[in-house]
Amino acid sequence: MTEKDPRSILRQLFEVAVAAANPVSAVARNLPRKPKGRTVVIGAGKAAIPMAKAVEDSWDSPLEGFVVAPHGYSHGLKRIAVAHASHPVPDSGSLAAADRALQLASTLGKDDLLIALISGGGSALMSKPAPGLAMEEKLGLIRALLKSGANISELNCVRKQTSGVKGGRLGRAAGQAAIHTLVISDVPGDDPAVVASGPTVADHTTKADAIEILRRYRIDVPTAVARWLEAPAEDRALRSKAIDTRVVVSPRASFQA
């Protein structure tokens, strides 16, 4: 038996790990069945464009929708539109993308399909404060938590509980449409509810959790935010009867490949 060069072995391992993290092939392998009605794509994140390209290349039926990526990201998409916004700090493009996503999702009916393409960076790229809150108030909380050493789960809990689109709210806007969410994870544990703060994933955190986190780190909470968090929680149920959420790429999967 010929002994392999250690450098060759390491290169092979590297190539296998990279192939396992390829967003195009991962998305193509995990697409759903075609619906009776419309197919709408909504995506957000640093990998949103290649993920959307995989859908376009594999979907031979009518397709519509858009994805939002960081400013400067180029694309060759033909059927799925592209919007740009700021990362890691949201800007007006982030708010416009959230409003556009919620409006588009609200047009879906029970025979339609929403394909959500979610990857790291989506929290900033598609951002909208909860009703009655200003964007700067929400951003101020996140900045203060970052300085205080809060972890990603704590940050995302506060993000979701002060958001108009995260924590499953985009999924709720889609009503009874089928929801197929494909996730590229960049977070420990690969929880799809944490990646980009889970806009189409059921949220198991609560307003009380957010209040406790803010108190733990002694964050000065604006009056409007405090009122929102202390008010009764809104209906959080996802009404779709067909929800499929898949983490298609993750660091763990690459190491195990």
# chains A, B, ... in the order shown; residues from 1 in each chain; ligands from 1
call {"tool": "select_by_dssp", "arguments": {"residues": "range 5-159 of chain A", "states": "alpha helix (DSSP H)", "output": "PyMOL selection string"}}
result
chain A and resi 6-20+23-29+48-58+92-105+122-125+135-148+152-159
call {"tool": "closest_atom_pairs", "arguments": {"of": "range 97-209 of chain A", "to": "range 84-89 of chain A", "cutoff": "10 Å", "atoms": "only C-alpha atoms", "output": "JSON lines"}}
result
{"residue": "A:Ala97", "atom": "CA", "partner": "A:Ala85", "partner_atom": "CA", "distance": 7.8}
{"residue": "A:Gly121", "atom": "CA", "partner": "A:His87", "partner_atom": "CA", "distance": 6.6}
{"residue": "A:Gly122", "atom": "CA", "partner": "A:His87", "partner_atom": "CA", "distance": 8.5}
{"residue": "A:Ser123", "atom": "CA", "partner": "A:Pro88", "partner_atom": "CA", "distance": 8.4}
{"residue": "A:Ala124", "atom": "CA", "partner": "A:His87", "partner_atom": "CA", "distance": 5.6}
{"residue": "A:Leu125", "atom": "CA", "partner": "A:Ala85", "partner_atom": "CA", "distance": 5.3}
{"residue": "A:Met126", "atom": "CA", "partner": "A:Ala85", "partner_atom": "CA", "distance": 7.8}
{"residue": "A:Ser127", "atom": "CA", "partner": "A:Ala85", "partner_atom": "CA", "distance": 9.7}
{"residue": "A:Leu139", "atom": "CA", "partner": "A:Val89", "partner_atom": "CA", "distance": 8.1}
{"residue": "A:Arg143", "atom": "CA", "partner": "A:Val89", "partner_atom": "CA", "distance": 9.7}
call {"tool": "residues_around", "arguments": {"residues": "range 162-171 of chain A", "least_positions_apart": "3", "cutoff": "6 Å", "atoms": "only C-alpha atoms", "output": "PyMOL selection string"}}
result
chain A and resi 102+128-130+159+174+197-203
call {"tool": "atom_distance", "arguments": {"atom1": "CA of Asp57 in chain A", "atom2": "CA of Ala28 in chain A"}}
result
8.3 Å
call {"tool": "closest_residue", "arguments": {"among": "A:Leu108, A:Ile49, A:Leu229, A:Ala98", "to": "Arg79 in chain A", "atoms": "only C-alpha atoms"}}
result
A:Ile49
call {"tool": "select_by_dssp", "arguments": {"residues": "range 12-245 of chain A", "states": "strand (DSSP E or B)", "output": "PyMOL selection string"}}
result
chain A and resi 39-44+64-70+81-85+113-119+129+163+178-184+243-245
call {"tool": "write_last_selection", "arguments": {"atoms": "N, CA and C atoms", "output": "compact mmCIF listing (two decimals), in the first residue's frame"}}
result
# COMPACT_ATOMS: atom_id res chain seq x y z
N THR A 39 -45.15 30.13 -6.59
CA THR A 39 -43.94 29.90 -5.81
C THR A 39 -43.23 31.23 -5.64
N VAL A 40 -43.06 31.65 -4.39
CA VAL A 40 -42.42 32.93 -4.08
C VAL A 40 -41.17 32.67 -3.24
N VAL A 41 -40.08 33.29 -3.65
CA VAL A 41 -38.82 33.20 -2.91
C VAL A 41 -38.58 34.51 -2.17
N ILE A 42 -38.26 34.40 -0.88
CA ILE A 42 -37.81 35.55 -0.10
C ILE A 42 -36.56 35.11 0.65
N GLY A 43 -35.49 35.85 0.49
CA GLY A 43 -34.25 35.46 1.15
C GLY A 43 -33.51 36.64 1.74
N ALA A 44 -32.68 36.35 2.73
CA ALA A 44 -31.86 37.39 3.36
C ALA A 44 -30.59 36.77 3.90
N GLU A 64 -41.08 33.71 -8.58
CA GLU A 64 -41.02 35.16 -8.33
C GLU A 64 -40.45 35.40 -6.94
N GLY A 65 -40.19 36.65 -6.64
CA GLY A 65 -39.70 36.99 -5.31
C GLY A 65 -38.43 37.80 -5.36
N PHE A 66 -37.76 37.92 -4.21
CA PHE A 66 -36.52 38.69 -4.14
C PHE A 66 -35.69 38.22 -2.95
N VAL A 67 -34.41 38.53 -2.99
CA VAL A 67 -33.52 38.31 -1.86
C VAL A 67 -32.79 39.61 -1.57
N VAL A 68 -32.34 39.78 -0.33
CA VAL A 68 -31.59 40.97 0.05
C VAL A 68 -30.19 40.53 0.49
N ALA A 69 -29.17 41.20 -0.07
CA ALA A 69 -27.77 40.89 0.19
C ALA A 69 -27.03 42.18 0.55
N PRO A 70 -25.82 42.08 1.08
CA PRO A 70 -25.08 43.30 1.42
C PRO A 70 -24.77 44.16 0.20
N ALA A 81 -35.54 38.83 -7.98
CA ALA A 81 -34.94 40.16 -7.86
C ALA A 81 -33.95 40.21 -6.69
N VAL A 82 -33.10 41.21 -6.71
CA VAL A 82 -32.12 41.39 -5.65
C VAL A 82 -32.21 42.82 -5.10
N ALA A 83 -32.28 42.92 -3.79
CA ALA A 83 -32.20 44.21 -3.09
C ALA A 83 -30.91 44.22 -2.28
N HIS A 84 -30.45 45.39 -1.92
CA HIS A 84 -29.22 45.50 -1.14
C HIS A 84 -29.47 46.33 0.12
N ALA A 85 -28.76 45.97 1.17
CA ALA A 85 -28.88 46.69 2.43
C ALA A 85 -27.54 46.60 3.16
N LEU A 113 -46.66 28.60 -2.26
CA LEU A 113 -45.46 28.14 -1.56
C LEU A 113 -44.50 29.30 -1.36
N LEU A 114 -44.03 29.45 -0.12
CA LEU A 114 -42.96 30.40 0.19
C LEU A 114 -41.68 29.62 0.42
N ILE A 115 -40.66 29.89 -0.40
CA ILE A 115 -39.33 29.33 -0.16
C ILE A 115 -38.50 30.44 0.47
N ALA A 116 -38.13 30.25 1.73
CA ALA A 116 -37.32 31.24 2.46
C ALA A 116 -35.87 30.79 2.46
N LEU A 117 -34.98 31.66 2.01
CA LEU A 117 -33.55 31.37 1.93
C LEU A 117 -32.83 32.23 2.96
N ILE A 118 -32.35 31.61 4.03
CA ILE A 118 -31.85 32.35 5.19
C ILE A 118 -30.40 31.99 5.46
N SER A 119 -29.56 33.02 5.63
CA SER A 119 -28.16 32.78 5.97
C SER A 119 -27.67 33.89 6.89
N PRO A 129 -38.42 47.41 13.18
CA PRO A 129 -38.80 47.42 14.60
C PRO A 129 -40.26 47.01 14.78
N SER A 163 -38.87 43.04 17.20
CA SER A 163 -38.88 43.08 15.74
C SER A 163 -40.27 42.93 15.17
N ALA A 178 -47.78 27.14 2.16
CA ALA A 178 -46.71 26.24 2.60
C ALA A 178 -45.42 27.04 2.73
N ILE A 179 -44.62 26.71 3.75
CA ILE A 179 -43.37 27.43 4.00
C ILE A 179 -42.22 26.42 4.01
N HIS A 180 -41.27 26.62 3.14
CA HIS A 180 -40.09 25.75 3.04
C HIS A 180 -38.87 26.62 3.26
N THR A 181 -38.26 26.50 4.43
CA THR A 181 -37.13 27.35 4.80
C THR A 181 -35.82 26.57 4.70
N LEU A 182 -34.88 27.11 3.94
CA LEU A 182 -33.55 26.53 3.81
C LEU A 182 -32.56 27.47 4.48
N VAL A 183 -31.75 26.92 5.39
CA VAL A 183 -30.90 27.73 6.26
C VAL A 183 -29.44 27.34 6.08
N ILE A 184 -28.58 28.33 5.95
CA ILE A 184 -27.14 28.15 6.06
C ILE A 184 -26.73 28.71 7.40
N ILE A 243 -45.08 23.19 7.00
CA ILE A 243 -43.87 23.93 7.33
C ILE A 243 -42.69 22.97 7.35
N ASP A 244 -41.68 23.27 6.56
CA ASP A 244 -40.48 22.42 6.49
C ASP A 244 -39.27 23.34 6.63
N THR A 245 -38.48 23.13 7.67
CA THR A 245 -37.30 23.94 7.92
C THR A 245 -36.07 23.05 7.92
call {"tool": "closest_residue", "arguments": {"among": "A:Leu133, A:Val249, A:Val24, A:Leu104", "to": "Val225 in chain A", "atoms": "only C-alpha atoms"}}
result
A:Leu133
call {"tool": "atom_distance", "arguments": {"atom1": "CA of Ala193 in chain A", "atom2": "CA of Arg216 in chain A"}}
result
22.4 Å
call {"tool": "closest_residue", "arguments": {"among": "A:Arg227, A:Arg29, A:Lys78, A:Arg172", "to": "Lys241 in chain A", "atoms": "only C-alpha atoms"}}
result
A:Arg172
call {"tool": "atom_distance", "arguments": {"atom1": "CA of Ala54 in chain A", "atom2": "CA of Gln103 in chain A"}}
result
24.2 Å
call {"tool": "residues_around", "arguments": {"residues": "Ile213 in chain A", "least_positions_apart": "6", "cutoff": "12 Å", "atoms": "only C-alpha atoms", "output": "VMD selection string"}}
result
chain A and resid 141 to 142 144 to 145 148 to 159 161 205 to 207 219 to 221 229
